[in-house]
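> File input.txt below, compact mmCIF, C-alpha atoms and all ligand atoms:
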```txt
# COMPACT_ATOMS: atom_id res chain seq x y z
CA MET A 223 122.73 86.04 76.90
CA THR A 224 119.64 86.08 74.71
CA GLU A 225 117.92 89.35 73.90
CA VAL A 226 115.07 88.40 76.24
CA ASN A 227 117.39 87.55 79.17
CA LYS A 228 119.42 90.69 78.59
CA HIS A 229 116.23 92.70 78.82
CA ILE A 230 115.24 90.99 82.08
CA ASP A 231 118.72 91.57 83.54
CA GLN A 232 118.66 95.25 82.53
CA ASP A 233 115.32 95.74 84.20
CA SER A 234 116.05 93.73 87.36
CA PHE A 235 116.45 96.90 89.42
CA ARG A 236 112.69 97.36 89.07
CA ASP A 237 112.03 94.19 91.09
CA SER A 238 113.40 95.47 94.37
CA VAL A 239 113.32 98.52 96.59
CA ALA A 240 116.76 100.13 96.74
CA THR A 241 116.57 100.61 100.51
CA ILE A 242 115.81 96.95 101.31
CA THR A 243 118.32 94.08 101.06
CA LYS A 244 117.52 90.73 99.38
CA GLU A 245 116.94 89.32 102.88
CA GLY A 246 114.38 92.01 103.58
CA ASN A 247 116.51 94.06 105.95
CA ARG A 248 116.60 97.83 105.95
CA LYS A 249 119.49 99.57 104.18
CA PHE A 250 119.97 102.80 106.05
CA ILE A 251 120.52 105.72 103.68
CA TYR A 252 123.29 108.25 104.19
CA PRO A 253 122.57 110.94 101.59
CA LYS A 254 125.31 113.34 100.60
CA LYS A 255 124.63 116.88 101.76
CA PRO A 256 122.72 118.44 98.87
CA LYS A 257 123.59 121.77 97.36
CA GLY A 258 122.61 123.78 94.32
CA LYS A 259 120.06 126.21 92.97
CA TYR A 260 116.98 124.01 93.40
CA TYR A 261 117.98 122.89 96.88
CA ASN A 262 118.36 126.54 97.91
CA LEU A 263 114.99 127.31 96.38
CA ARG A 264 113.42 124.39 98.28
CA THR A 265 114.99 125.68 101.48
CA TRP A 266 113.39 129.09 100.96
CA PHE A 267 110.02 127.50 100.16
CA SER A 268 110.31 125.37 103.30
CA ILE A 269 111.05 128.39 105.47
CA GLY A 270 107.82 129.91 104.13
CA TYR A 271 105.81 126.73 104.87
CA LEU A 272 107.26 126.43 108.35
CA ILE A 273 106.43 130.06 109.17
CA VAL A 274 102.85 129.46 107.98
CA PHE A 275 102.60 126.18 109.97
CA PHE A 276 103.81 127.73 113.22
CA VAL A 277 101.97 131.07 112.86
CA LEU A 278 98.53 129.94 111.57
CA PRO A 279 97.23 128.62 114.93
CA PHE A 280 97.66 132.13 116.40
CA ILE A 281 95.58 133.84 113.68
CA LYS A 282 91.89 134.35 114.50
CA MET A 283 88.81 135.61 112.66
CA ASP A 284 85.87 136.87 114.72
CA GLY A 285 87.38 135.20 117.78
CA GLU A 286 87.65 131.80 116.04
CA PRO A 287 90.84 130.21 114.69
CA LEU A 288 91.40 130.47 110.94
CA PHE A 289 91.77 126.67 110.75
CA LEU A 290 90.56 124.08 113.23
CA PHE A 291 90.12 120.33 112.81
CA ASN A 292 88.53 119.46 116.13
CA VAL A 293 87.59 115.83 115.54
CA ILE A 294 86.85 115.43 119.27
CA GLU A 295 83.98 117.99 119.21
CA ARG A 296 83.34 117.43 115.49
CA LYS A 297 83.89 121.12 114.75
CA PHE A 298 85.85 122.15 111.67
CA ILE A 299 86.87 125.67 110.66
CA LEU A 300 88.26 126.51 107.25
CA PHE A 301 89.29 130.12 106.57
CA GLY A 302 87.15 131.23 109.51
CA MET A 303 83.99 129.37 108.31
CA ILE A 304 82.60 126.85 110.80
CA PHE A 305 81.47 123.41 109.59
CA TRP A 306 79.44 121.13 111.86
CA PRO A 307 78.67 117.42 111.30
CA GLN A 308 75.43 118.31 109.41
CA ASP A 309 77.57 120.26 106.90
CA PHE A 310 79.69 117.25 106.26
CA PHE A 311 78.38 116.69 102.72
CA ILE A 312 80.10 119.98 101.72
CA PHE A 313 83.26 118.67 103.29
CA GLY A 314 82.78 115.35 101.47
CA LEU A 315 82.30 117.11 98.10
CA GLY A 316 85.38 119.20 98.81
CA MET A 317 87.39 116.07 99.57
CA VAL A 318 86.23 114.31 96.38
CA THR A 319 87.19 117.41 94.33
CA PHE A 320 90.52 117.52 96.13
CA ILE A 321 91.25 113.85 95.41
CA VAL A 322 90.41 114.28 91.70
CA PHE A 323 92.72 117.30 91.65
CA ILE A 324 95.52 115.26 93.27
CA VAL A 325 95.12 112.44 90.72
CA LEU A 326 95.29 114.83 87.75
CA PHE A 327 98.06 116.93 89.28
CA THR A 328 100.18 113.82 89.96
CA ALA A 329 99.65 112.42 86.47
CA VAL A 330 101.06 115.64 85.00
CA PHE A 331 103.56 116.95 87.53
CA GLY A 332 104.62 113.71 89.23
CA ARG A 333 106.06 114.00 92.72
CA VAL A 334 106.29 117.78 92.91
CA PHE A 335 104.16 117.76 96.05
CA CYS A 336 106.41 115.15 97.69
CA GLY A 337 109.57 117.14 97.11
CA TRP A 338 108.34 120.65 97.65
CA ALA A 339 105.34 120.65 99.95
CA CYS A 340 104.86 117.40 101.88
CA PRO A 341 105.20 118.01 105.65
CA GLN A 342 107.13 114.72 105.99
CA THR A 343 109.75 115.94 103.49
CA ILE A 344 109.87 119.46 104.89
CA PHE A 345 110.38 118.29 108.47
CA LEU A 346 112.82 115.51 107.55
CA GLU A 347 114.95 117.22 104.92
CA MET A 348 114.75 120.81 106.01
CA ILE A 349 114.87 120.46 109.79
CA PHE A 350 116.07 117.09 111.05
CA ARG A 351 118.50 116.24 108.23
CA LYS A 352 120.11 119.71 108.39
CA ILE A 353 120.57 119.31 112.15
CA GLU A 354 122.06 115.86 111.54
CA TYR A 355 124.62 117.28 109.10
CA TRP A 356 125.44 119.92 111.69
CA ILE A 357 125.93 117.41 114.54
CA ASP A 358 127.24 114.28 112.76
CA GLY A 359 128.83 115.84 109.65
CA ASP A 360 128.32 114.94 105.99
CA GLN A 361 127.69 111.48 104.51
CA THR A 362 131.12 109.88 105.11
CA LYS A 363 131.38 111.14 108.68
CA GLN A 364 127.87 109.83 109.42
CA MET A 365 128.77 106.37 108.11
CA ILE A 366 131.99 106.26 110.10
CA LEU A 367 130.11 107.38 113.23
CA ALA A 368 127.45 104.70 112.70
CA LYS A 369 130.11 101.95 112.53
CA MET A 370 132.24 103.40 115.31
CA ARG A 371 132.39 101.64 118.68
CA TRP A 372 130.70 103.53 121.49
CA ASN A 373 133.18 106.09 122.80
CA ALA A 374 133.01 109.60 124.30
CA GLU A 375 132.58 111.28 120.91
CA LYS A 376 129.80 108.97 119.74
CA ILE A 377 127.95 109.18 123.07
CA ARG A 378 128.20 112.99 123.05
CA LYS A 379 126.95 113.29 119.44
CA ARG A 380 124.13 110.80 119.89
CA LEU A 381 123.03 112.45 123.14
CA ILE A 382 122.96 115.95 121.60
CA LYS A 383 121.05 114.63 118.58
CA PHE A 384 118.59 112.77 120.79
CA ILE A 385 117.84 115.87 122.91
CA VAL A 386 117.52 118.19 119.89
CA PHE A 387 115.38 115.72 117.86
CA TYR A 388 113.09 114.95 120.81
CA THR A 389 112.63 118.64 121.68
CA ILE A 390 111.73 119.55 118.08
CA SER A 391 109.38 116.55 117.87
CA PHE A 392 107.68 117.79 121.05
CA ILE A 393 107.24 121.29 119.58
CA ILE A 394 105.81 119.84 116.34
CA ALA A 395 103.41 117.58 118.30
CA ASN A 396 102.20 120.62 120.27
CA PHE A 397 101.51 122.61 117.12
CA PHE A 398 99.66 119.72 115.50
CA LEU A 399 97.54 119.52 118.66
CA SER A 400 96.85 123.27 118.40
CA TYR A 401 95.21 122.60 115.00
CA ILE A 402 92.88 120.12 116.74
CA VAL A 403 92.01 121.82 120.05
CA GLY A 404 92.88 125.46 119.24
CA ILE A 405 95.84 127.47 120.50
CA ASP A 406 94.00 128.81 123.61
CA THR A 407 93.20 125.31 124.88
CA LEU A 408 96.77 124.24 124.13
CA LEU A 409 98.19 127.19 126.11
CA ASP A 410 95.90 126.22 128.98
CA TYR A 411 97.37 122.69 128.84
CA VAL A 412 100.87 124.17 128.93
CA VAL A 413 100.12 126.48 131.87
CA HIS A 414 98.25 123.81 133.88
CA PRO A 415 99.89 120.49 132.96
CA ALA A 416 98.82 118.90 136.28
CA ASN A 417 95.12 119.29 135.28
CA ASN A 418 95.73 117.70 131.90
CA ILE A 419 97.81 114.61 132.56
CA GLY A 420 95.92 112.62 129.88
CA THR A 421 96.68 115.24 127.22
CA LEU A 422 100.31 115.41 128.29
CA ALA A 423 100.58 111.61 128.00
CA ALA A 424 99.03 111.75 124.49
CA LEU A 425 101.44 114.54 123.55
CA LEU A 426 104.43 112.52 124.72
CA LEU A 427 103.15 109.53 122.76
CA PHE A 428 102.86 111.59 119.56
CA THR A 429 106.25 113.21 120.27
CA THR A 430 107.78 109.73 120.52
CA ILE A 431 106.13 108.70 117.23
CA PHE A 432 107.46 111.84 115.47
CA PHE A 433 110.88 111.22 117.04
CA PHE A 434 110.89 107.59 115.84
CA VAL A 435 109.95 108.70 112.30
CA TYR A 436 112.68 111.34 112.03
CA TRP A 437 115.36 109.49 113.95
CA TRP A 438 115.03 106.11 112.24
CA PHE A 439 111.97 105.39 110.06
CA ARG A 440 112.47 108.31 107.65
CA GLU A 441 111.85 107.53 103.94
CA GLN A 442 110.15 104.25 104.90
CA VAL A 443 107.05 106.41 105.54
CA CYS A 444 106.78 106.96 101.78
CA ILE A 445 107.35 103.28 101.02
CA VAL A 446 105.08 101.56 103.52
CA VAL A 447 102.80 104.10 105.24
CA CYS A 448 101.77 107.01 103.02
CA PRO A 449 98.72 106.16 100.86
CA TYR A 450 99.75 108.79 98.31
CA GLY A 451 103.17 107.15 98.00
CA ARG A 452 101.55 103.74 97.47
CA LEU A 453 99.19 105.12 94.84
CA GLN A 454 101.82 106.91 92.79
CA GLY A 455 102.73 103.76 90.89
CA VAL A 456 99.34 103.88 89.17
CA LEU A 457 99.06 107.68 88.95
CA LEU A 458 102.24 108.28 86.97
CA ASP A 459 102.90 107.46 83.35
CA LYS A 460 105.81 107.97 80.97
CA ASN A 461 104.78 111.57 80.33
CA SER A 462 104.66 112.58 84.01
CA ILE A 463 107.41 114.94 85.11
CA VAL A 464 109.41 113.02 87.73
CA VAL A 465 112.85 113.15 89.22
CA ALA A 466 113.67 109.45 89.05
CA TYR A 467 116.43 106.97 88.48
CA ASP A 468 117.62 107.16 84.88
CA TYR A 469 117.97 103.47 84.10
CA LYS A 470 119.23 104.08 80.57
CA ARG A 471 122.14 105.99 82.06
CA GLY A 472 122.67 103.93 85.22
CA GLU A 473 122.29 100.32 84.00
CA PRO A 474 124.02 97.93 84.05
CA ARG A 475 125.44 98.81 87.45
CA GLY A 476 129.07 98.44 88.35
CA LYS A 477 132.24 100.48 88.21
CA PRO A 478 131.49 103.45 85.92
CA GLY A 479 133.18 103.41 82.53
CA LYS A 480 134.21 99.69 82.63
CA LYS A 481 132.96 97.11 80.14
CA ARG A 482 130.83 94.07 80.91
CA GLY A 483 130.87 91.96 77.76
CA ALA A 484 129.78 94.25 74.97
CA GLU A 485 128.09 96.68 77.36
CA THR A 486 129.60 99.72 79.03
CA ILE A 487 128.80 99.96 82.74
CA GLY A 488 126.46 102.81 83.55
CA ASP A 489 127.53 105.80 85.58
CA GLY A 490 125.46 105.10 88.70
CA CYS A 491 128.28 105.67 91.18
CA SER A 492 125.96 105.38 94.24
CA THR A 493 127.70 108.38 95.78
CA CYS A 494 124.48 110.01 96.83
CA ILE A 495 123.09 106.96 98.64
CA LYS A 496 126.09 104.71 99.20
CA LYS A 497 125.99 102.07 101.85
CA TYR A 498 128.73 101.95 104.45
CA ASP A 499 131.50 99.65 103.20
CA GLY A 500 133.76 99.81 106.25
CA THR A 501 136.24 102.26 104.80
CA GLY A 502 134.17 105.40 104.71
CA LYS A 503 135.51 106.13 101.23
S1 LIG B 601 105.06 109.68 99.46
FE1 LIG B 601 103.71 110.60 100.99
S2 LIG B 601 104.98 110.95 102.82
FE2 LIG B 601 106.34 110.55 101.11
S3 LIG B 601 106.90 112.59 100.37
FE3 LIG B 601 105.13 111.89 99.13
S4 LIG B 601 103.31 112.67 100.19
FE4 LIG B 601 105.04 112.81 101.61
```
Could I get this structure in the form of structure tokens?
Ligand code: SF4

Amino acid sequence: MTEVNKHIDQDSFRDSVATITKEGNRKFIYPKKPKGKYYNLRTWFSIGYLIVFFVLPFIKMDGEPLFLFNVIERKFILFGMIFWPQDFFIFGLGMVTFIVFIVLFTAVFGRVFCGWACPQTIFLEMIFRKIEYWIDGDQTKQMILAKMRWNAEKIRKRLIKFIVFYTISFIIANFFLSYIVGIDTLLDYVVHPANNIGTLAALLLFTTIFFFVYWWFREQVCIVVCPYGRLQGVLLDKNSIVVAYDYKRGEPRGKPGKKRGAETIGDGCSTCIKKYDGTGK
């Protein structure tokens, strides 16, 4: 192998997304249950975020919610200050400042926001994934369950997970709605559902979307939907602080410690994201 070809071979992992097969099919990820100091710290941070998310709609200032993003009536409240459409230039300036901040922040600190503060990560990793470990077990048990024929155990586990995931998705959809219409209007919807069939239908639609994301779509949000995820490729450089695949350590891939020609196989054992191989080992 020439030096040039060797280089291309070493870097081939860059040409594909690890969660998509060569044929373009989805590779479902079964991550090993994380543990450690930083994971515990993230859990505590997440508890804080979740308390803020679920409590904020109830906090009022001078009879108005602390935060409101009522796009229907074009009324926005930030920290108790009301913004109407004619104030939108302030909002626009704020957004431009915010975007510049995000660009600079990402260039320096990489994906810190993604791992520690993004609602998608918090809901997926700190609520739904933890419930999944509780119902289905750790990585190996999840893979065995996925391959298992439908039997009483699988039906029971899938049914429990479905009910719990859908209920939590419904609660999250309600709280997101409270940031748009205000908690009082939302409580009115809850007390008089018959008068608000349209809203209930919209809520169920959003609940189903949340459910679909956390049940199946998961990290694909970052790959194909989130604009911030798509932009990160041009926002990061070699000096950005990122938790990423260490290709010098992991390549070339294969059985760790073995030799391929003159090269020693890297130590990427795939344990944390292994694909089901039929044995569950
Ligand atoms: S890429 Fe987007 S959705 Fe994914 S973790 Fe980052 S901010 Fe969240």
> One decimal, Å: what's the distance from CA of Leu272 in chain A over to CA of Ile344 in chain A, could you say?
8.2 Å
> I want to know what sits within 10 Å of range 294-305 of chain A, based on all atoms listed in the file, with residues of the same chain fewer than 5 positions away left out; could you give that as a PyMOL selection string?
chain A and resi 281-289+310+312-313+401-403
> Name the closest residue to ligand LIG 601 (chain B) among the candidates A:Asp237, A:Asp360, A:Glu347, A:Asp410; distances are taken between atoms, counting only C-alpha atoms and all ligand atoms.
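So, comparing all the options, the nearest one is A:Glu347.
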> How close does each residue of range 255-340 of chain A get to range 351-359 of chain A, giving the shortest atom pair and distance in Å to one decimal for every residue with an atom at most 12 Å away, counting only C-alpha atoms, sorted by chain and residue number, as JSON lines?

```
{"residue": "A:Lys255", "atom": "CA", "partner": "A:Tyr355", "partner_atom": "CA", "distance": 7.4}
{"residue": "A:Pro256", "atom": "CA", "partner": "A:Lys352", "partner_atom": "CA", "distance": 10.0}
{"residue": "A:Lys257", "atom": "CA", "partner": "A:Lys352", "partner_atom": "CA", "distance": 11.7}
{"residue": "A:Thr265", "atom": "CA", "partner": "A:Lys352", "partner_atom": "CA", "distance": 10.5}
```
> Just write the chosen residues, C-alpha atoms, as an mmCIF file, in the frame of the given file.

```cif
data_model
loop_
_atom_site.group_PDB
_atom_site.id
_atom_site.type_symbol
_atom_site.label_atom_id
_atom_site.label_comp_id
_atom_site.auth_asym_id
_atom_site.auth_seq_id
_atom_site.Cartn_x
_atom_site.Cartn_y
_atom_site.Cartn_z
ATOM 1 C CA LYS A 255 124.630 116.880 101.760
ATOM 2 C CA PRO A 256 122.720 118.440 98.870
ATOM 3 C CA LYS A 257 123.590 121.770 97.360
ATOM 4 C CA THR A 265 114.990 125.680 101.480
#
```
> May I ask you to write as a PDB file with C-alpha atoms, keeping the file's coordinate frame all residues lying at most 10 Å from ligand LIG 601 (chain B), with all atoms listed in the file counted?

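See out_36.pdb below for the written result:
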```pdb
ATOM      1  CA  ARG A 333     106.060 114.000  92.720  1.00  0.00           C
ATOM      2  CA  VAL A 334     106.290 117.780  92.910  1.00  0.00           C
ATOM      3  CA  PHE A 335     104.160 117.760  96.050  1.00  0.00           C
ATOM      4  CA  CYS A 336     106.410 115.150  97.690  1.00  0.00           C
ATOM      5  CA  GLY A 337     109.570 117.140  97.110  1.00  0.00           C
ATOM      6  CA  TRP A 338     108.340 120.650  97.650  1.00  0.00           C
ATOM      7  CA  ALA A 339     105.340 120.650  99.950  1.00  0.00           C
ATOM      8  CA  CYS A 340     104.860 117.400 101.880  1.00  0.00           C
ATOM      9  CA  PRO A 341     105.200 118.010 105.650  1.00  0.00           C
ATOM     10  CA  GLN A 342     107.130 114.720 105.990  1.00  0.00           C
ATOM     11  CA  THR A 343     109.750 115.940 103.490  1.00  0.00           C
ATOM     12  CA  ILE A 344     109.870 119.460 104.890  1.00  0.00           C
ATOM     13  CA  LEU A 346     112.820 115.510 107.550  1.00  0.00           C
ATOM     14  CA  ARG A 440     112.470 108.310 107.650  1.00  0.00           C
ATOM     15  CA  GLU A 441     111.850 107.530 103.940  1.00  0.00           C
ATOM     16  CA  GLN A 442     110.150 104.250 104.900  1.00  0.00           C
ATOM     17  CA  VAL A 443     107.050 106.410 105.540  1.00  0.00           C
ATOM     18  CA  CYS A 444     106.780 106.960 101.780  1.00  0.00           C
ATOM     19  CA  ILE A 445     107.350 103.280 101.020  1.00  0.00           C
ATOM     20  CA  VAL A 446     105.080 101.560 103.520  1.00  0.00           C
ATOM     21  CA  VAL A 447     102.800 104.100 105.240  1.00  0.00           C
ATOM     22  CA  CYS A 448     101.770 107.010 103.020  1.00  0.00           C
ATOM     23  CA  PRO A 449      98.720 106.160 100.860  1.00  0.00           C
ATOM     24  CA  TYR A 450      99.750 108.790  98.310  1.00  0.00           C
ATOM     25  CA  GLY A 451     103.170 107.150  98.000  1.00  0.00           C
ATOM     26  CA  ARG A 452     101.550 103.740  97.470  1.00  0.00           C
ATOM     27  CA  LEU A 453      99.190 105.120  94.840  1.00  0.00           C
ATOM     28  CA  GLN A 454     101.820 106.910  92.790  1.00  0.00           C
TER      29      GLN A 454
END
```
> CA of Thr430 in chain A to CA of Ala395 in chain A: how many Å, to one decimal?
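Separation between CA of Thr430 in chain A and CA of Ala395 in chain A: 9.3 Å.
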> In Å to one decimal, how far is CA of Ser268 in chain A from CA of Met348 in chain A?
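Taking CA of Met348 in chain A and CA of Ser268 in chain A, their separation equals 6.9 Å.
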> Select, from A:Ile269, A:Asp468, A:Thr243, A:Phe250, the residue with the minimum atom-to-atom distance to Ala368 in chain A, counting all atoms listed in the file.
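Ranked by minimum distance to Ala368 in chain A, first place goes to A:Phe250.
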> Quick one: which range 418-481 of chain A residues come within 6 Å of range 326-329 of chain A, and what is the nearest atom pair for each with the distance in Å to one decimal, counting all atoms listed in the file, rows ordered by chain and ascending number, as CSV?

```
residue,atom,partner,partner_atom,distance
A:Leu457,CA,A:Ala329,CA,5.4
A:Leu458,CA,A:Ala329,CA,4.9
A:Ser462,CA,A:Ala329,CA,5.6
```
> Please determine the residues with any atom at most 12 Å from (99.2, 121.3, 129.6) (coordinates as given in the file, with only C-alpha atoms counting) and report them as JSON, numbers by chain.
{"A": [396, 399, 400, 403, 405, 406, 407, 408, 409, 410, 411, 412, 413, 414, 415, 416, 417, 418, 419, 420, 421, 422, 423, 424, 425, 426]}
> Draw an axis-aligned box tight on the listed atoms of range 412-425 of chain A, then pad every side by 5 Å and write out centre and edge lengths in Å to one decimal as lines of an AutoDock Vina configuration file.

```
center_x = 98.3
center_y = 119.0
center_z = 129.9
size_x = 16.3
size_y = 24.9
size_z = 22.7
```
> Find the residues around Ile463 in chain A up to 8 Å (all atoms listed in the file counted), leave out those fewer than 6 positions away in its own chain, and share them as a list in words.
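Residues meeting the cut-off are Val330, Phe331, Gly332 and Arg333 of chain A.
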> Tell me which residues come within 8 Å of (103.8, 125.3, 117.0), as a list of chain:residue names, counting all atoms listed in the file in the file's coordinates.
A:Phe275, A:Phe276, A:Val277, A:Pro279, A:Ile393, A:Ile394, A:Ala395, A:Asn396, A:Phe397, A:Phe398, A:Ser400
> When distances are computed from only C-alpha atoms, which of A:Ile366, A:Ile390, A:Val456, A:Ala240 shows the smallest separation from Ile349 in chain A?
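Residue with the minimum atom-to-atom distance to Ile349 in chain A: A:Ile390.
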